[in-house]
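A.B. asks: Sharing a structure here in structure tokens format.
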Amino acid sequence: MKDRCSVVSALLERYHDQEVTEEERRLIEDHLSQCPSCRDLLSTTAQIGTLIKLPIQEASERADFDRTWTKIRREIEKREPLPWWESFGDRLKASLFSWKRAWIPAMAAALIVVGLIVGPVLLEDQSPLKISSVEYVESADYNVMIYEGEKGNVTIIWLFDRSDEEVPAS
Amino acid sequence: MKRKNLILIGLSLLCLSLPSFALAQVQARVRIIEASNVSSGNDPALRDVRDQLGSLFNFSGYRLLKDVNLNLAGNRPAVVQVHPGRTMEVTLVGEYRKMAELKIKLMRESATILNTQVRLSSGRTILIGGPRHGAGVLIFVLSARF
């Protein structure tokens with residue numbers, strides 16, 4: 001019984017504040033019906049609670065919260081606003097701090113992506129393919145000559161009539 | 001999933017998708033010129049290519065017959081009427097190392113007299129010349145911007 005009393009007494013305060021579980025509540029109420037000393041303890045706990053609550057209630061009823069808030073607001077308004085660069089710095093610090101865990105992997109991912117984009121461009125073959133080039137030419141009616149300008153800025157496809165061909169001397 | 005993670009994944013996917021952009025559209029300019037030794041002097045409309053033509057060919061005169069701007073999009077042929085019965089057909093067929101791959105056909109009536117495929121960097125020029133026209137020859141000046 002004493003063991004049960006020590007268990008229940010430890011729970012009485014929470015029981016009084018209605019913070020116990022359903023199982024604990026059943027256990028306490030079952031025990032309280034048989035144990036007068038624990039009932040006394042519960043009654044004392046309730047009285048102490050009332051003793052604490054009453055003055056707080058009275059004080060809060062007397063308090064003039066509107067006036068207090070007016071005072072606080074006046075104090076806030078008295079303060080000069082921060083210069084924009086300081087407020088920007090504060091916000092930046094706050095955002096960097098909140099992103100601390102995210103921006104390191106983000107930077108790593110960004111570097112990989114930049115590498116994937118820039119790498120092939122840097123490794124790209126710098127051959128004359130940069131200039132215009134003819135992949136194929138077909139013509140049934142003409143002879144074709146292809147000429148690439150020395151500076152590489154022009155490509156010429158010239159069509160010669162077959163009748164223009166020189167006839168070999170016999 | 002947290003919002004930050006979603007943003008990171010979204011950004012990564014966006015970055016990865018960048019290299020896969022292909023040429024959706026190419027602005028091509030086709031100028032059709034008659035070059036001959038019958039006339040002399042140059043068409044004022046050909047001021048910008050006069051020196052280039054002079055350094056490449058020996059004709060005494062150049063006359064602009066047609067100046068056409070084409071919006072080329074994937075595999076849709078654009079047709080330029082050279083004169084009745086003769087047409088030029090230009091098709092954007094793809095992209096290779098930041099160059100536009102263009103298929104060019106010269107047609108006489110329904111017969112193809114030239115069929116070629118070229119790779120053209122932005123701002124470069126391809127000249128196709130030779131077919132007879134009047135007392136001279138035709139030169140097709142093809143350039144592209146993308």
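Within each chain, counting starts at residue 1; across the structure tokens, chains are named A, B, ... in the order shown, with ligands numbered 1 upward in that order.
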Using the chain letters and numbers from this document, which residues of stretch 47-104 of chain B does DSSP assign to alpha helix (DSSP H), as a PyMOL selection string?
C.D. replies: chain B and resi 47-56
A.B. asks: How would the residues just picked look written out with N, CA and C atoms as a PDB file, in the first residue's frame?
C.D. replies:
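As a result, out.pdb now contains:
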ATOM      1  N   ARG B  47      26.405  46.665-101.352  1.00  0.00           N
ATOM      2  CA  ARG B  47      27.593  47.350-100.817  1.00  0.00           C
ATOM      3  C   ARG B  47      28.378  46.489 -99.831  1.00  0.00           C
ATOM      4  N   ASP B  48      27.649  45.819 -98.924  1.00  0.00           N
ATOM      5  CA  ASP B  48      28.325  45.080 -97.847  1.00  0.00           C
ATOM      6  C   ASP B  48      29.072  43.839 -98.343  1.00  0.00           C
ATOM      7  N   VAL B  49      28.700  43.313 -99.514  1.00  0.00           N
ATOM      8  CA  VAL B  49      29.404  42.112-100.010  1.00  0.00           C
ATOM      9  C   VAL B  49      30.235  42.399-101.266  1.00  0.00           C
ATOM     10  N   ARG B  50      30.269  43.666-101.670  1.00  0.00           N
ATOM     11  CA  ARG B  50      30.965  44.020-102.914  1.00  0.00           C
ATOM     12  C   ARG B  50      32.428  43.586-102.866  1.00  0.00           C
ATOM     13  N   ASP B  51      33.099  43.938-101.762  1.00  0.00           N
ATOM     14  CA  ASP B  51      34.529  43.600-101.668  1.00  0.00           C
ATOM     15  C   ASP B  51      34.735  42.092-101.665  1.00  0.00           C
ATOM     16  N   GLN B  52      33.872  41.401-100.946  1.00  0.00           N
ATOM     17  CA  GLN B  52      33.992  39.948-100.867  1.00  0.00           C
ATOM     18  C   GLN B  52      33.794  39.320-102.254  1.00  0.00           C
ATOM     19  N   LEU B  53      32.777  39.776-102.957  1.00  0.00           N
ATOM     20  CA  LEU B  53      32.531  39.229-104.299  1.00  0.00           C
ATOM     21  C   LEU B  53      33.679  39.559-105.234  1.00  0.00           C
ATOM     22  N   GLY B  54      34.164  40.807-105.136  1.00  0.00           N
ATOM     23  CA  GLY B  54      35.275  41.237-105.999  1.00  0.00           C
ATOM     24  C   GLY B  54      36.535  40.427-105.764  1.00  0.00           C
ATOM     25  N   SER B  55      36.773  40.031-104.498  1.00  0.00           N
ATOM     26  CA  SER B  55      37.989  39.269-104.201  1.00  0.00           C
ATOM     27  C   SER B  55      37.868  37.800-104.618  1.00  0.00           C
ATOM     28  N   LEU B  56      36.635  37.336-104.807  1.00  0.00           N
ATOM     29  CA  LEU B  56      36.430  35.918-105.126  1.00  0.00           C
ATOM     30  C   LEU B  56      36.195  35.657-106.611  1.00  0.00           C
TER      31      LEU B  56
END
A.B. asks: Residues at most 12 Å from B:His83, counting only C-alpha atoms, excluding those fewer than 6 positions away in the same chain, as a compact mmCIF listing (two decimals) with N, CA and C atoms, in the first residue's frame?
C.D. replies:
# COMPACT_ATOMS: atom_id res chain seq x y z
N ILE B 32 19.98 36.58 -103.87
CA ILE B 32 20.21 36.00 -105.19
C ILE B 32 20.76 37.11 -106.08
N GLU B 34 22.77 38.27 -109.72
CA GLU B 34 23.19 37.94 -111.09
C GLU B 34 24.56 38.58 -111.30
N LEU B 65 19.01 40.34 -107.41
CA LEU B 65 17.70 39.96 -107.96
C LEU B 65 16.66 39.79 -106.85
N LYS B 66 17.12 39.26 -105.75
CA LYS B 66 16.17 38.97 -104.67
C LYS B 66 16.89 38.94 -103.32
N LEU B 106 18.57 23.06 -105.08
CA LEU B 106 18.21 23.94 -106.19
C LEU B 106 17.40 23.11 -107.16
N MET B 107 16.25 23.63 -107.54
CA MET B 107 15.35 22.86 -108.40
C MET B 107 15.11 23.61 -109.72
N ARG B 108 15.10 22.83 -110.78
CA ARG B 108 14.66 23.39 -112.07
C ARG B 108 13.43 22.58 -112.46
N GLU B 109 12.32 23.27 -112.60
CA GLU B 109 11.03 22.57 -112.74
C GLU B 109 10.92 21.58 -111.57
N HIS B 133 22.26 32.44 -116.02
CA HIS B 133 21.09 33.31 -115.92
C HIS B 133 21.33 34.49 -116.86
N GLY B 134 20.56 34.53 -117.91
CA GLY B 134 20.77 35.58 -118.91
C GLY B 134 22.17 35.51 -119.47
N LEU B 138 24.08 32.91 -111.80
CA LEU B 138 23.44 33.22 -110.51
C LEU B 138 24.41 32.91 -109.37
A.B. asks: Write out as a PyMOL selection string the set of residues from chain A that DSSP, computed on the backbone, places in strand (DSSP E).
C.D. replies: chain A and resi 133-138+142-148+154-161
A.B. asks: For the selection just defined, write its residues with N, CA and C atoms to a file, as an mmCIF file, in the first residue's frame.
C.D. replies:
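Final file, again_30.cif:
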data_model
loop_
_atom_site.group_PDB
_atom_site.id
_atom_site.type_symbol
_atom_site.label_atom_id
_atom_site.label_comp_id
_atom_site.auth_asym_id
_atom_site.auth_seq_id
_atom_site.Cartn_x
_atom_site.Cartn_y
_atom_site.Cartn_z
ATOM 1 N N SER A 133 31.100 24.328 -93.386
ATOM 2 C CA SER A 133 31.651 23.177 -94.079
ATOM 3 C C SER A 133 30.553 22.459 -94.837
ATOM 4 N N VAL A 134 30.960 21.846 -95.898
ATOM 5 C CA VAL A 134 30.002 21.170 -96.767
ATOM 6 C C VAL A 134 30.012 19.692 -96.409
ATOM 7 N N GLU A 135 28.880 19.169 -96.058
ATOM 8 C CA GLU A 135 28.817 17.750 -95.693
ATOM 9 C C GLU A 135 28.732 16.867 -96.933
ATOM 10 N N TYR A 136 27.907 17.252 -97.857
ATOM 11 C CA TYR A 136 27.878 16.532 -99.125
ATOM 12 C C TYR A 136 27.272 17.416 -100.205
ATOM 13 N N VAL A 137 27.608 17.081 -101.466
ATOM 14 C CA VAL A 137 27.017 17.777 -102.619
ATOM 15 C C VAL A 137 26.672 16.720 -103.659
ATOM 16 N N GLU A 138 25.497 16.803 -104.175
ATOM 17 C CA GLU A 138 25.100 15.904 -105.266
ATOM 18 C C GLU A 138 24.533 16.764 -106.398
ATOM 19 N N TYR A 142 25.582 19.149 -113.025
ATOM 20 C CA TYR A 142 26.748 20.035 -112.989
ATOM 21 C C TYR A 142 27.972 19.308 -112.420
ATOM 22 N N ASN A 143 29.112 19.845 -112.799
ATOM 23 C CA ASN A 143 30.325 19.506 -112.060
ATOM 24 C C ASN A 143 30.427 20.501 -110.907
ATOM 25 N N VAL A 144 30.909 20.018 -109.779
ATOM 26 C CA VAL A 144 30.883 20.876 -108.585
ATOM 27 C C VAL A 144 32.296 21.098 -108.058
ATOM 28 N N MET A 145 32.573 22.345 -107.718
ATOM 29 C CA MET A 145 33.842 22.664 -107.051
ATOM 30 C C MET A 145 33.504 23.312 -105.704
ATOM 31 N N ILE A 146 34.223 22.880 -104.692
ATOM 32 C CA ILE A 146 34.006 23.489 -103.366
ATOM 33 C C ILE A 146 35.262 24.251 -102.989
ATOM 34 N N TYR A 147 35.073 25.468 -102.548
ATOM 35 C CA TYR A 147 36.219 26.317 -102.182
ATOM 36 C C TYR A 147 35.964 26.906 -100.794
ATOM 37 N N GLU A 148 36.953 26.744 -99.919
ATOM 38 C CA GLU A 148 36.862 27.357 -98.585
ATOM 39 C C GLU A 148 37.760 28.580 -98.581
ATOM 40 N N VAL A 154 34.065 32.166 -95.534
ATOM 41 C CA VAL A 154 33.182 31.948 -96.665
ATOM 42 C C VAL A 154 33.457 30.595 -97.297
ATOM 43 N N THR A 155 32.382 29.956 -97.722
ATOM 44 C CA THR A 155 32.492 28.692 -98.447
ATOM 45 C C THR A 155 31.769 28.880 -99.782
ATOM 46 N N ILE A 156 32.406 28.404 -100.844
ATOM 47 C CA ILE A 156 31.776 28.553 -102.160
ATOM 48 C C ILE A 156 31.519 27.173 -102.750
ATOM 49 N N ILE A 157 30.311 26.991 -103.210
ATOM 50 C CA ILE A 157 29.982 25.790 -104.001
ATOM 51 C C ILE A 157 29.713 26.305 -105.415
ATOM 52 N N TRP A 158 30.565 25.934 -106.337
ATOM 53 C CA TRP A 158 30.420 26.468 -107.708
ATOM 54 C C TRP A 158 30.020 25.347 -108.652
ATOM 55 N N LEU A 159 29.019 25.632 -109.447
ATOM 56 C CA LEU A 159 28.488 24.637 -110.377
ATOM 57 C C LEU A 159 28.948 24.980 -111.794
ATOM 58 N N PHE A 160 29.559 24.013 -112.447
ATOM 59 C CA PHE A 160 30.006 24.192 -113.827
ATOM 60 C C PHE A 160 29.112 23.370 -114.737
ATOM 61 N N ASP A 161 28.659 24.013 -115.801
ATOM 62 C CA ASP A 161 27.923 23.229 -116.813
ATOM 63 C C ASP A 161 28.853 22.167 -117.374
#
A.B. asks: Give me, as a PyMOL selection string, the contact residues of chain B against chain A at a cut-off of 7 Å, counting only C-alpha atoms.
C.D. replies: chain B and resi 8+15-16+19+113-121+124-131
A.B. asks: Please compute the atom CA of B:Tyr96-atom CA of B:Val141 distance, one decimal, in Å.
C.D. replies: 21.3 Å
A.B. asks: With distances taken over only C-alpha atoms, which residue among B:Gly10, B:Gly136, B:Gly85, B:Gly123 lies nearest B:Phe59?
C.D. replies: B:Gly136
A.B. asks: In Å, with one decimal, what is the gap from atom CA of B:Glu89 to atom CA of B:Gly61?
C.D. replies: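 The value is 26.1 Å.
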A.B. asks: Which residues are close to A:Ser43, i.e. within 12 Å by only C-alpha atoms, leaving aside same-chain residues fewer than 3 positions away? Reply as a PyMOL selection string.
C.D. replies: chain A and resi 9+12-13+15-16+32+36-40+46-50
A.B. asks: If I take atom CA of A:Cys35 and atom CA of A:Glu19, how far is one from the other in Å, to one decimal?
C.D. replies: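 These atoms are spaced 21.3 Å apart.
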A.B. asks: Do you know which residues are at most 10 Å from A:Val8 counting only C-alpha atoms, after dropping those on the same chain fewer than 6 positions away, and could you put them as a short mmCIF file (atom, residue, chain, number, x, y, z; two decimals) with N, CA and C atoms, in the first residue's frame?
C.D. replies:
data_model
loop_
_atom_site.label_atom_id
_atom_site.label_comp_id
_atom_site.auth_asym_id
_atom_site.auth_seq_id
_atom_site.Cartn_x
_atom_site.Cartn_y
_atom_site.Cartn_z
N LYS A 2 1.93 1.19 0.82
CA LYS A 2 2.84 2.35 0.90
C LYS A 2 3.47 2.63 -0.43
N TYR A 15 -2.30 14.98 -11.74
CA TYR A 15 -3.71 14.58 -11.75
C TYR A 15 -4.60 15.81 -11.53
N GLU A 24 -3.41 6.16 -15.85
CA GLU A 24 -2.94 6.74 -14.57
C GLU A 24 -4.13 7.27 -13.77
N ARG A 25 -5.07 7.89 -14.50
CA ARG A 25 -6.24 8.46 -13.80
C ARG A 25 -7.02 7.35 -13.07
N LEU A 27 -5.88 4.47 -12.09
CA LEU A 27 -5.06 3.97 -10.97
C LEU A 27 -5.18 4.90 -9.75
N ILE A 28 -5.10 6.22 -10.00
CA ILE A 28 -5.14 7.20 -8.90
C ILE A 28 -6.51 7.19 -8.23
N GLU A 29 -7.55 7.20 -9.06
CA GLU A 29 -8.90 7.29 -8.48
C GLU A 29 -9.25 6.01 -7.70
N HIS A 31 -7.05 4.22 -6.14
CA HIS A 31 -6.29 4.28 -4.90
C HIS A 31 -6.88 5.32 -3.93
N LEU A 32 -7.32 6.46 -4.49
CA LEU A 32 -7.88 7.53 -3.63
C LEU A 32 -9.13 7.05 -2.88
N CYS A 38 -3.84 9.90 1.02
CA CYS A 38 -3.62 10.42 -0.33
C CYS A 38 -4.72 11.40 -0.70
N LEU A 42 -4.21 15.20 -1.88
CA LEU A 42 -4.83 15.79 -3.08
C LEU A 42 -5.53 17.10 -2.72
#
A.B. asks: Which residues are close to stretch 72-81 of chain B, i.e. within 6 Å by only C-alpha atoms, leaving aside same-chain residues fewer than 4 positions away? Reply as a list in words.
C.D. replies: Gln25, Val26, Thr87, Met88, Glu89, Val90, Thr91, Leu92 and Val93 of chain B
